[in-house]
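*Asks:* The following file, protein-v5.cif, comprises mmCIF, C-alpha atoms and all ligand atoms; chains and numbers go by the auth columns:
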data_work
loop_
_atom_site.group_PDB
_atom_site.id
_atom_site.type_symbol
_atom_site.label_atom_id
_atom_site.label_comp_id
_atom_site.label_asym_id
_atom_site.label_seq_id
_atom_site.Cartn_x
_atom_site.Cartn_y
_atom_site.Cartn_z
_atom_site.B_iso_or_equiv
_atom_site.auth_seq_id
_atom_site.auth_asym_id
ATOM 1 C CA MET A 1 116.996 11.922 -132.851 0.00 1 A
ATOM 2 C CA ASN A 2 117.643 13.397 -136.320 0.00 2 A
ATOM 3 C CA HIS A 3 120.981 14.305 -137.867 0.00 3 A
ATOM 4 C CA HIS A 4 121.430 16.191 -141.123 0.00 4 A
ATOM 5 C CA VAL A 5 124.607 14.933 -142.741 0.00 5 A
ATOM 6 C CA THR A 6 125.934 16.719 -145.811 0.00 6 A
ATOM 7 C CA SER A 7 129.036 14.757 -146.810 0.00 7 A
ATOM 8 C CA GLU A 8 130.630 11.330 -146.607 0.00 8 A
ATOM 9 C CA ALA A 9 133.185 12.731 -144.135 0.00 9 A
ATOM 10 C CA ASP A 10 130.323 13.997 -141.939 0.00 10 A
ATOM 11 C CA MET A 11 128.741 10.556 -141.970 0.00 11 A
ATOM 12 C CA ARG A 12 131.995 8.994 -140.806 0.00 12 A
ATOM 13 C CA LEU A 13 132.253 11.605 -138.067 0.00 13 A
ATOM 14 C CA LEU A 14 128.781 10.671 -136.835 0.00 14 A
ATOM 15 C CA GLY A 15 130.023 7.079 -136.701 0.00 15 A
ATOM 16 C CA VAL A 16 133.024 8.121 -134.627 0.00 16 A
ATOM 17 C CA GLN A 17 130.679 9.894 -132.193 0.00 17 A
ATOM 18 C CA ILE A 18 128.435 6.841 -131.901 0.00 18 A
ATOM 19 C CA ALA A 19 131.471 4.651 -131.237 0.00 19 A
ATOM 20 C CA ARG A 20 132.436 6.715 -128.184 0.00 20 A
ATOM 21 C CA ALA A 21 129.552 5.210 -126.202 0.00 21 A
ATOM 22 C CA LEU A 22 130.200 1.602 -127.263 0.00 22 A
ATOM 23 C CA LYS A 23 131.544 -0.827 -124.660 0.00 23 A
ATOM 24 C CA GLY A 24 130.655 -4.160 -126.266 0.00 24 A
ATOM 25 C CA GLY A 25 127.372 -6.043 -126.362 0.00 25 A
ATOM 26 C CA GLU A 26 125.564 -3.387 -128.404 0.00 26 A
ATOM 27 C CA VAL A 27 123.530 -4.153 -131.529 0.00 27 A
ATOM 28 C CA ILE A 28 123.067 -1.566 -134.265 0.00 28 A
ATOM 29 C CA GLU A 29 120.627 -2.064 -137.134 0.00 29 A
ATOM 30 C CA LEU A 30 121.181 0.106 -140.206 0.00 30 A
ATOM 31 C CA ILE A 31 118.202 0.789 -142.466 0.00 31 A
ATOM 32 C CA GLY A 32 118.324 2.557 -145.830 0.00 32 A
ATOM 33 C CA ASP A 33 118.350 2.036 -149.592 0.00 33 A
ATOM 34 C CA VAL A 34 121.338 0.866 -151.588 0.00 34 A
ATOM 35 C CA GLY A 35 123.922 3.684 -151.413 0.00 35 A
ATOM 36 C CA ALA A 36 122.256 5.369 -148.425 0.00 36 A
ATOM 37 C CA GLY A 37 125.496 5.315 -146.445 0.00 37 A
ATOM 38 C CA LYS A 38 125.125 2.344 -144.078 0.00 38 A
ATOM 39 C CA THR A 39 128.602 1.000 -144.761 0.00 39 A
ATOM 40 C CA THR A 40 130.059 4.520 -144.692 0.00 40 A
ATOM 41 C CA LEU A 41 128.606 5.024 -141.203 0.00 41 A
ATOM 42 C CA THR A 42 130.046 1.635 -140.194 0.00 42 A
ATOM 43 C CA LYS A 43 133.497 2.802 -141.360 0.00 43 A
ATOM 44 C CA GLY A 44 133.201 5.740 -138.969 0.00 44 A
ATOM 45 C CA ILE A 45 132.120 3.518 -136.087 0.00 45 A
ATOM 46 C CA ALA A 46 135.086 1.228 -136.784 0.00 46 A
ATOM 47 C CA GLU A 47 137.414 4.227 -136.805 0.00 47 A
ATOM 48 C CA GLY A 48 135.944 5.391 -133.505 0.00 48 A
ATOM 49 C CA LEU A 49 136.516 1.944 -132.016 0.00 49 A
ATOM 50 C CA GLY A 50 140.193 2.272 -132.925 0.00 50 A
ATOM 51 C CA ILE A 51 140.121 -0.198 -135.815 0.00 51 A
ATOM 52 C CA SER A 52 142.761 0.714 -138.378 0.00 52 A
ATOM 53 C CA GLU A 53 141.880 -2.045 -140.839 0.00 53 A
ATOM 54 C CA THR A 54 139.857 -0.873 -143.851 0.00 54 A
ATOM 55 C CA VAL A 55 136.189 -1.738 -143.466 0.00 55 A
ATOM 56 C CA GLN A 56 134.799 -3.262 -146.644 0.00 56 A
ATOM 57 C CA SER A 57 131.165 -3.914 -147.443 0.00 57 A
ATOM 58 C CA PRO A 58 130.204 -7.460 -146.402 0.00 58 A
ATOM 59 C CA SER A 59 127.585 -7.773 -149.153 0.00 59 A
ATOM 60 C CA PHE A 60 129.385 -10.751 -150.754 0.00 60 A
ATOM 61 C CA THR A 61 130.850 -12.367 -147.640 0.00 61 A
ATOM 62 C CA ILE A 62 127.708 -11.689 -145.510 0.00 62 A
ATOM 63 C CA SER A 63 129.867 -10.956 -142.482 0.00 63 A
ATOM 64 C CA ARG A 64 133.216 -9.428 -141.650 0.00 64 A
ATOM 65 C CA VAL A 65 134.987 -9.334 -138.296 0.00 65 A
ATOM 66 C CA TYR A 66 137.398 -6.622 -137.113 0.00 66 A
ATOM 67 C CA ASP A 67 139.456 -6.721 -133.953 0.00 67 A
ATOM 68 C CA ALA A 68 139.488 -3.523 -131.931 0.00 68 A
ATOM 69 C CA PRO A 69 141.691 -2.480 -128.982 0.00 69 A
ATOM 70 C CA ASN A 70 140.606 -3.416 -125.437 0.00 70 A
ATOM 71 C CA ASP A 71 139.475 -6.915 -126.472 0.00 71 A
ATOM 72 C CA LEU A 72 136.527 -5.516 -128.380 0.00 72 A
ATOM 73 C CA ARG A 73 135.531 -6.659 -131.834 0.00 73 A
ATOM 74 C CA LEU A 74 133.199 -5.397 -134.476 0.00 74 A
ATOM 75 C CA VAL A 75 131.109 -7.865 -136.465 0.00 75 A
ATOM 76 C CA HIS A 76 129.501 -6.310 -139.537 0.00 76 A
ATOM 77 C CA TYR A 77 126.718 -8.186 -141.356 0.00 77 A
ATOM 78 C CA ASP A 78 124.986 -7.503 -144.647 0.00 78 A
ATOM 79 C CA PHE A 79 122.118 -9.899 -145.384 0.00 79 A
ATOM 80 C CA TYR A 80 121.106 -8.300 -148.700 0.00 80 A
ATOM 81 C CA ARG A 81 122.026 -11.352 -150.802 0.00 81 A
ATOM 82 C CA LEU A 82 120.705 -13.967 -148.419 0.00 82 A
ATOM 83 C CA GLN A 83 117.467 -15.719 -149.462 0.00 83 A
ATOM 84 C CA ASP A 84 117.191 -17.823 -146.340 0.00 84 A
ATOM 85 C CA ALA A 85 118.794 -16.947 -143.003 0.00 85 A
ATOM 86 C CA GLY A 86 119.431 -20.634 -142.144 0.00 86 A
ATOM 87 C CA ILE A 87 122.540 -21.152 -140.037 0.00 87 A
ATOM 88 C CA MET A 88 123.363 -17.416 -140.218 0.00 88 A
ATOM 89 C CA ALA A 89 120.502 -16.794 -137.810 0.00 89 A
ATOM 90 C CA ASP A 90 122.259 -19.002 -135.229 0.00 90 A
ATOM 91 C CA GLU A 91 125.599 -17.319 -135.858 0.00 91 A
ATOM 92 C CA LEU A 92 124.040 -13.892 -135.466 0.00 92 A
ATOM 93 C CA ASN A 93 122.312 -14.986 -132.288 0.00 93 A
ATOM 94 C CA GLU A 94 125.682 -15.967 -130.790 0.00 94 A
ATOM 95 C CA THR A 95 127.317 -12.754 -131.914 0.00 95 A
ATOM 96 C CA ILE A 96 124.719 -10.462 -130.399 0.00 96 A
ATOM 97 C CA HIS A 97 125.017 -12.214 -127.047 0.00 97 A
ATOM 98 C CA ASN A 98 128.782 -11.739 -126.897 0.00 98 A
ATOM 99 C CA ALA A 99 129.550 -8.965 -124.381 0.00 99 A
ATOM 100 C CA THR A 100 132.796 -7.953 -126.092 0.00 100 A
ATOM 101 C CA THR A 101 131.277 -7.658 -129.557 0.00 101 A
ATOM 102 C CA VAL A 102 129.653 -4.690 -131.241 0.00 102 A
ATOM 103 C CA THR A 103 127.257 -5.999 -133.898 0.00 103 A
ATOM 104 C CA ILE A 104 126.211 -3.917 -136.906 0.00 104 A
ATOM 105 C CA ILE A 105 123.645 -5.260 -139.369 0.00 105 A
ATOM 106 C CA GLU A 106 122.618 -4.011 -142.801 0.00 106 A
ATOM 107 C CA TRP A 107 119.486 -5.458 -144.475 0.00 107 A
ATOM 108 C CA ALA A 108 118.343 -7.222 -141.290 0.00 108 A
ATOM 109 C CA ASP A 109 114.769 -8.037 -142.423 0.00 109 A
ATOM 110 C CA ILE A 110 115.532 -11.722 -142.978 0.00 110 A
ATOM 111 C CA VAL A 111 116.830 -12.112 -139.401 0.00 111 A
ATOM 112 C CA ASP A 112 114.229 -9.882 -137.800 0.00 112 A
ATOM 113 C CA GLY A 113 113.199 -12.531 -135.280 0.00 113 A
ATOM 114 C CA VAL A 114 116.768 -12.817 -133.980 0.00 114 A
ATOM 115 C CA LEU A 115 117.335 -9.117 -133.305 0.00 115 A
ATOM 116 C CA PRO A 116 117.044 -7.990 -129.683 0.00 116 A
ATOM 117 C CA SER A 117 114.510 -5.249 -128.973 0.00 117 A
ATOM 118 C CA ASP A 118 117.283 -3.372 -127.149 0.00 118 A
ATOM 119 C CA ARG A 119 119.093 -2.250 -130.285 0.00 119 A
ATOM 120 C CA LEU A 120 119.982 1.038 -131.861 0.00 120 A
ATOM 121 C CA THR A 121 118.009 1.461 -135.073 0.00 121 A
ATOM 122 C CA ILE A 122 119.565 3.925 -137.482 0.00 122 A
ATOM 123 C CA SER A 123 117.583 4.889 -140.587 0.00 123 A
ATOM 124 C CA ILE A 124 119.183 6.841 -143.412 0.00 124 A
ATOM 125 C CA VAL A 125 117.283 8.618 -146.166 0.00 125 A
ATOM 126 C CA SER A 126 118.844 10.530 -149.020 0.00 126 A
ATOM 127 C CA PRO A 127 117.033 13.702 -150.128 0.00 127 A
ATOM 128 C CA SER A 128 119.856 14.572 -152.558 0.00 128 A
ATOM 129 C CA GLU A 129 123.139 13.194 -153.878 0.00 129 A
ATOM 130 C CA SER A 130 125.218 14.389 -150.926 0.00 130 A
ATOM 131 C CA GLU A 131 122.611 14.905 -148.184 0.00 131 A
ATOM 132 C CA ARG A 132 121.469 12.288 -145.702 0.00 132 A
ATOM 133 C CA ILE A 133 118.885 12.453 -142.933 0.00 133 A
ATOM 134 C CA VAL A 134 119.904 10.036 -140.205 0.00 134 A
ATOM 135 C CA THR A 135 117.278 9.045 -137.631 0.00 135 A
ATOM 136 C CA ILE A 136 118.460 7.195 -134.546 0.00 136 A
ATOM 137 C CA ALA A 137 116.136 5.337 -132.193 0.00 137 A
ATOM 138 C CA ALA A 138 116.817 3.188 -129.133 0.00 138 A
ATOM 139 C CA GLY A 139 114.809 0.103 -128.152 0.00 139 A
ATOM 140 C CA GLY A 140 116.083 -0.356 -124.602 0.00 140 A
ATOM 141 C CA ASP A 141 118.458 0.784 -121.864 0.00 141 A
ATOM 142 C CA THR A 142 121.753 -0.226 -123.514 0.00 142 A
ATOM 143 C CA SER A 143 120.943 1.431 -126.814 0.00 143 A
ATOM 144 C CA ARG A 144 119.470 4.477 -125.062 0.00 144 A
ATOM 145 C CA ARG A 145 122.849 5.037 -123.429 0.00 145 A
ATOM 146 C CA ILE A 146 124.408 5.391 -126.900 0.00 146 A
ATOM 147 C CA LEU A 147 121.727 7.930 -127.853 0.00 147 A
ATOM 148 C CA GLU A 148 122.354 9.920 -124.687 0.00 148 A
ATOM 149 C CA GLY A 149 126.064 9.982 -125.536 0.00 149 A
ATOM 150 C CA LEU A 150 125.195 11.769 -128.769 0.00 150 A
ATOM 151 C CA ALA A 151 123.021 14.448 -127.212 0.00 151 A
HETATM 152 N N1 LIG B . 126.344 12.524 -146.883 0.00 1 B
HETATM 153 C C1 LIG B . 126.733 11.293 -147.254 0.00 1 B
HETATM 154 N N2 LIG B . 126.796 10.299 -146.345 0.00 1 B
HETATM 155 C C2 LIG B . 127.164 9.059 -146.705 0.00 1 B
HETATM 156 N N3 LIG B . 127.505 8.690 -147.963 0.00 1 B
HETATM 157 C C3 LIG B . 127.454 9.640 -148.913 0.00 1 B
HETATM 158 C C4 LIG B . 127.074 10.963 -148.597 0.00 1 B
HETATM 159 N N4 LIG B . 127.111 11.683 -149.743 0.00 1 B
HETATM 160 C C5 LIG B . 127.494 10.851 -150.696 0.00 1 B
HETATM 161 N N5 LIG B . 127.710 9.616 -150.226 0.00 1 B
HETATM 162 C C6 LIG B . 128.106 8.461 -151.034 0.00 1 B
HETATM 163 O O1 LIG B . 127.048 7.498 -150.961 0.00 1 B
HETATM 164 C C7 LIG B . 127.612 6.188 -150.995 0.00 1 B
HETATM 165 C C8 LIG B . 127.174 5.396 -149.772 0.00 1 B
HETATM 166 O O2 LIG B . 127.579 4.072 -149.969 0.00 1 B
HETATM 167 P P1 LIG B . 127.500 2.958 -148.838 0.00 1 B
HETATM 168 O O3 LIG B . 128.243 1.787 -149.345 0.00 1 B
HETATM 169 O O4 LIG B . 127.892 3.529 -147.536 0.00 1 B
HETATM 170 O O5 LIG B . 125.924 2.666 -148.843 0.00 1 B
HETATM 171 P P2 LIG B . 125.124 1.446 -148.196 0.00 1 B
HETATM 172 O O6 LIG B . 123.937 2.059 -147.537 0.00 1 B
HETATM 173 O O7 LIG B . 126.015 0.625 -147.342 0.00 1 B
HETATM 174 O O8 LIG B . 124.645 0.621 -149.481 0.00 1 B
HETATM 175 P P3 LIG B . 124.381 -0.962 -149.665 0.00 1 B
HETATM 176 O O9 LIG B . 122.945 -1.206 -149.262 0.00 1 B
HETATM 177 O O10 LIG B . 124.591 -1.189 -151.122 0.00 1 B
HETATM 178 O O11 LIG B . 125.343 -1.720 -148.802 0.00 1 B
HETATM 179 C C9 LIG B . 129.122 6.344 -151.059 0.00 1 B
HETATM 180 O O12 LIG B . 129.521 6.258 -152.413 0.00 1 B
HETATM 181 C C10 LIG B . 129.340 7.753 -150.519 0.00 1 B
HETATM 182 O O13 LIG B . 130.499 8.354 -151.042 0.00 1 B
HETATM 183 MG MG MG B . 126.533 -1.383 -147.322 0.00 2 B
#
Translate the structure of the given file into structure tokens.
Ligand SMILES: Nc1ncnc2c1ncn2[C@@H]1O[C@H](COP(=O)(O)OP(=O)(O)OP(=O)(O)O)[C@@H](O)[C@H]1O
Ligand SMILES: [Mg+2]
*Replies:*
Amino acid sequence: MNHHVTSEADMRLLGVQIARALKGGEVIELIGDVGAGKTTLTKGIAEGLGISETVQSPSFTISRVYDAPNDLRLVHYDFYRLQDAGIMADELNETIHNATTVTIIEWADIVDGVLPSDRLTISIVSPSESERIVTIAAGGDTSRRILEGLA
């Protein structure tokens, strides 16, 4: 499924829409160049989950955790700076198997082996300064349900 997004606010709105279908236990992989809008989309998802805390890029801390209403939490990873997944692979593995956690991952290549096939894969390309083409694909039943929620 393709979405043409023409502003930062639009990207956040798409995140809010994605969040509507999230119940916990979902894994979302975000693919795109530096500045594509991965963290911006995550801000929208957090907003949609009812998180009022400001979402900041986890590029230096590798991960950030946000509590959401209804016992849900959002764990946001960015593995851009990581040379070796090491113990982070184990931590990620625990996180993705937690039924009350929504996991979002930027720059997931280094932990590829840990990612479940049933994940939502969101790719963002930037044809111009303010435009983004967002392609969303589902790898299994749980992630497909999120896609269907968007249709
Ligand atoms: N249509 C758009 N959608 C999303 N972001 C946009 C859009 N137009 C402009 N921008 C700008 O692009 C930037 C996206 O930055 P963001 O931190 O979300 O990227 P990122 O993909 O997470 O990058 P990184 O790989 O460095 O973490 C922001 O400065 C945002 O204002
Ligand atoms: Mg980012």
*Asks:* Using only C-alpha atoms, which residue out of A:Ser63, A:Thr142, A:Ser130, A:Thr100 lies closest to A:Gly37?
*Replies:*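 Ranking A:Ser63, A:Thr142, A:Ser130, A:Thr100 by distance to A:Gly37, first place goes to A:Ser130.
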*Asks:* Please indicate the distance in Å from atom O12 of ligand LIG 1 (chain B) to atom CA of A:Gly32, rounded to one decimal place.
*Replies:*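 These atoms are spaced 13.5 Å apart.
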*Asks:* Distance atom C3 of ligand LIG 1 (chain B)-atom CA of A:His3, one decimal place?
*Replies:* 13.6 Å
*Asks:* Run the PyMOL selection byres (((not hetatm)) within 12 of (chain B and resi 2)) mentally over the shown coordinates, then write out the matched residues as a ChimeraX atom specification, using the chain letters and numbers from the document.
*Replies:* /A:29-43,55-64,76-81,104-108,124
*Asks:* State, in Å with one decimal place, the distance from atom O2 of ligand LIG 1 (chain B) to atom CA of A:Leu49.
*Replies:*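 Distance between the two atoms: 20.2 Å.
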*Asks:* Written as a ChimeraX atom specification, which residues does the PyMOL selection byres (((chain A and resi 110) around 10) and not hetatm) give for the file shown?
*Replies:* /A:79-80,82-86,89,107-109,111-114
*Asks:* Written as an NGL selection string, which residues does the PyMOL selection byres (((chain A and resi 118) around 10) and not hetatm) give for the file shown?
*Replies:* :A and (26-28 or 115-117 or 119-121 or 138-144)
*Asks:* Just the residues within 9 Å of A:Lys23, please, counting all atoms listed in the file, with nothing from its chain fewer than 5 positions along; format it as a PDB file with C-alpha atoms, in the coordinates of the input.
*Replies:*
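Now in result.pdb:
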ATOM      1  CA  LEU A  72     136.527  -5.516-128.380  1.00  0.00           C
ATOM      2  CA  ALA A  99     129.550  -8.965-124.381  1.00  0.00           C
ATOM      3  CA  THR A 100     132.796  -7.953-126.092  1.00  0.00           C
ATOM      4  CA  THR A 101     131.277  -7.658-129.557  1.00  0.00           C
ATOM      5  CA  VAL A 102     129.653  -4.690-131.241  1.00  0.00           C
TER       6      VAL A 102
END
*Asks:* Hey, which of A:Val134, A:Val5, A:Met88, A:Ala68 ends up closest to ligand LIG 1 (chain B)? Count all atoms listed in the file.
*Replies:* A:Val5
*Asks:* Enclose all atoms of ligand LIG 1 (chain B) listed in the file in an axis-aligned box, grow every side by 3 Å, and hand back centre and edge lengths in Å to one decimal, as lines of an AutoDock Vina configuration file.
*Replies:*
center_x = 126.7
center_y = 5.4
center_z = -149.4
size_x = 13.6
size_y = 20.2
size_z = 12.1
*Asks:* Give the answer as one residue: which of A:Asn70, A:Ser128, A:Thr135, A:Thr103 has the shortest atom-to-atom distance to ligand LIG 1 (chain B), using all atoms listed in the file?
*Replies:*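 Of A:Asn70, A:Ser128, A:Thr135, A:Thr103, the one nearest ligand LIG 1 (chain B) is A:Ser128, counting all atoms listed in the file.
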*Asks:* Near A:Leu13, within 9 Å and counting only C-alpha atoms, which residues show up once chain neighbours fewer than 6 positions away are dropped, as a ChimeraX atom specification?
*Replies:* /A:41,44-45,48
*Asks:* Taking into account only C-alpha atoms and all ligand atoms, which residue in the set A:Ala19, A:Val125, A:Ile87, A:Ile136 is nearest to ligand LIG 1 (chain B)?
*Replies:* A:Val125
*Asks:* Which one is closest to A:Pro69: A:Asp10, A:Glu131, A:Glu47, A:Asp90? Count all atoms listed in the file.
*Replies:*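 For A:Pro69, the nearest of the candidates is A:Glu47.
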*Asks:* Nearest residue to ligand LIG 1 (chain B) out of A:Arg132, A:His4, A:His97, A:Arg20, using all atoms listed in the file?
*Replies:*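 Using all atoms listed in the file, the shortest distance to ligand LIG 1 (chain B) belongs to A:Arg132.
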*Asks:* Please return as a short mmCIF file (atom, residue, chain, number, x, y, z; two decimals) with C-alpha atoms, keeping the file's coordinate frame every residue within 8 Å of (124.5, 10.3, -129.5), taking into account all atoms listed in the file and the file's own coordinates.
*Replies:*
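Final output, saved to part_14.cif:
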data_model
loop_
_atom_site.label_atom_id
_atom_site.label_comp_id
_atom_site.auth_asym_id
_atom_site.auth_seq_id
_atom_site.Cartn_x
_atom_site.Cartn_y
_atom_site.Cartn_z
CA GLN A 17 130.68 9.89 -132.19
CA ILE A 18 128.44 6.84 -131.90
CA ALA A 21 129.55 5.21 -126.20
CA ILE A 146 124.41 5.39 -126.90
CA LEU A 147 121.73 7.93 -127.85
CA GLU A 148 122.35 9.92 -124.69
CA GLY A 149 126.06 9.98 -125.54
CA LEU A 150 125.20 11.77 -128.77
CA ALA A 151 123.02 14.45 -127.21
#
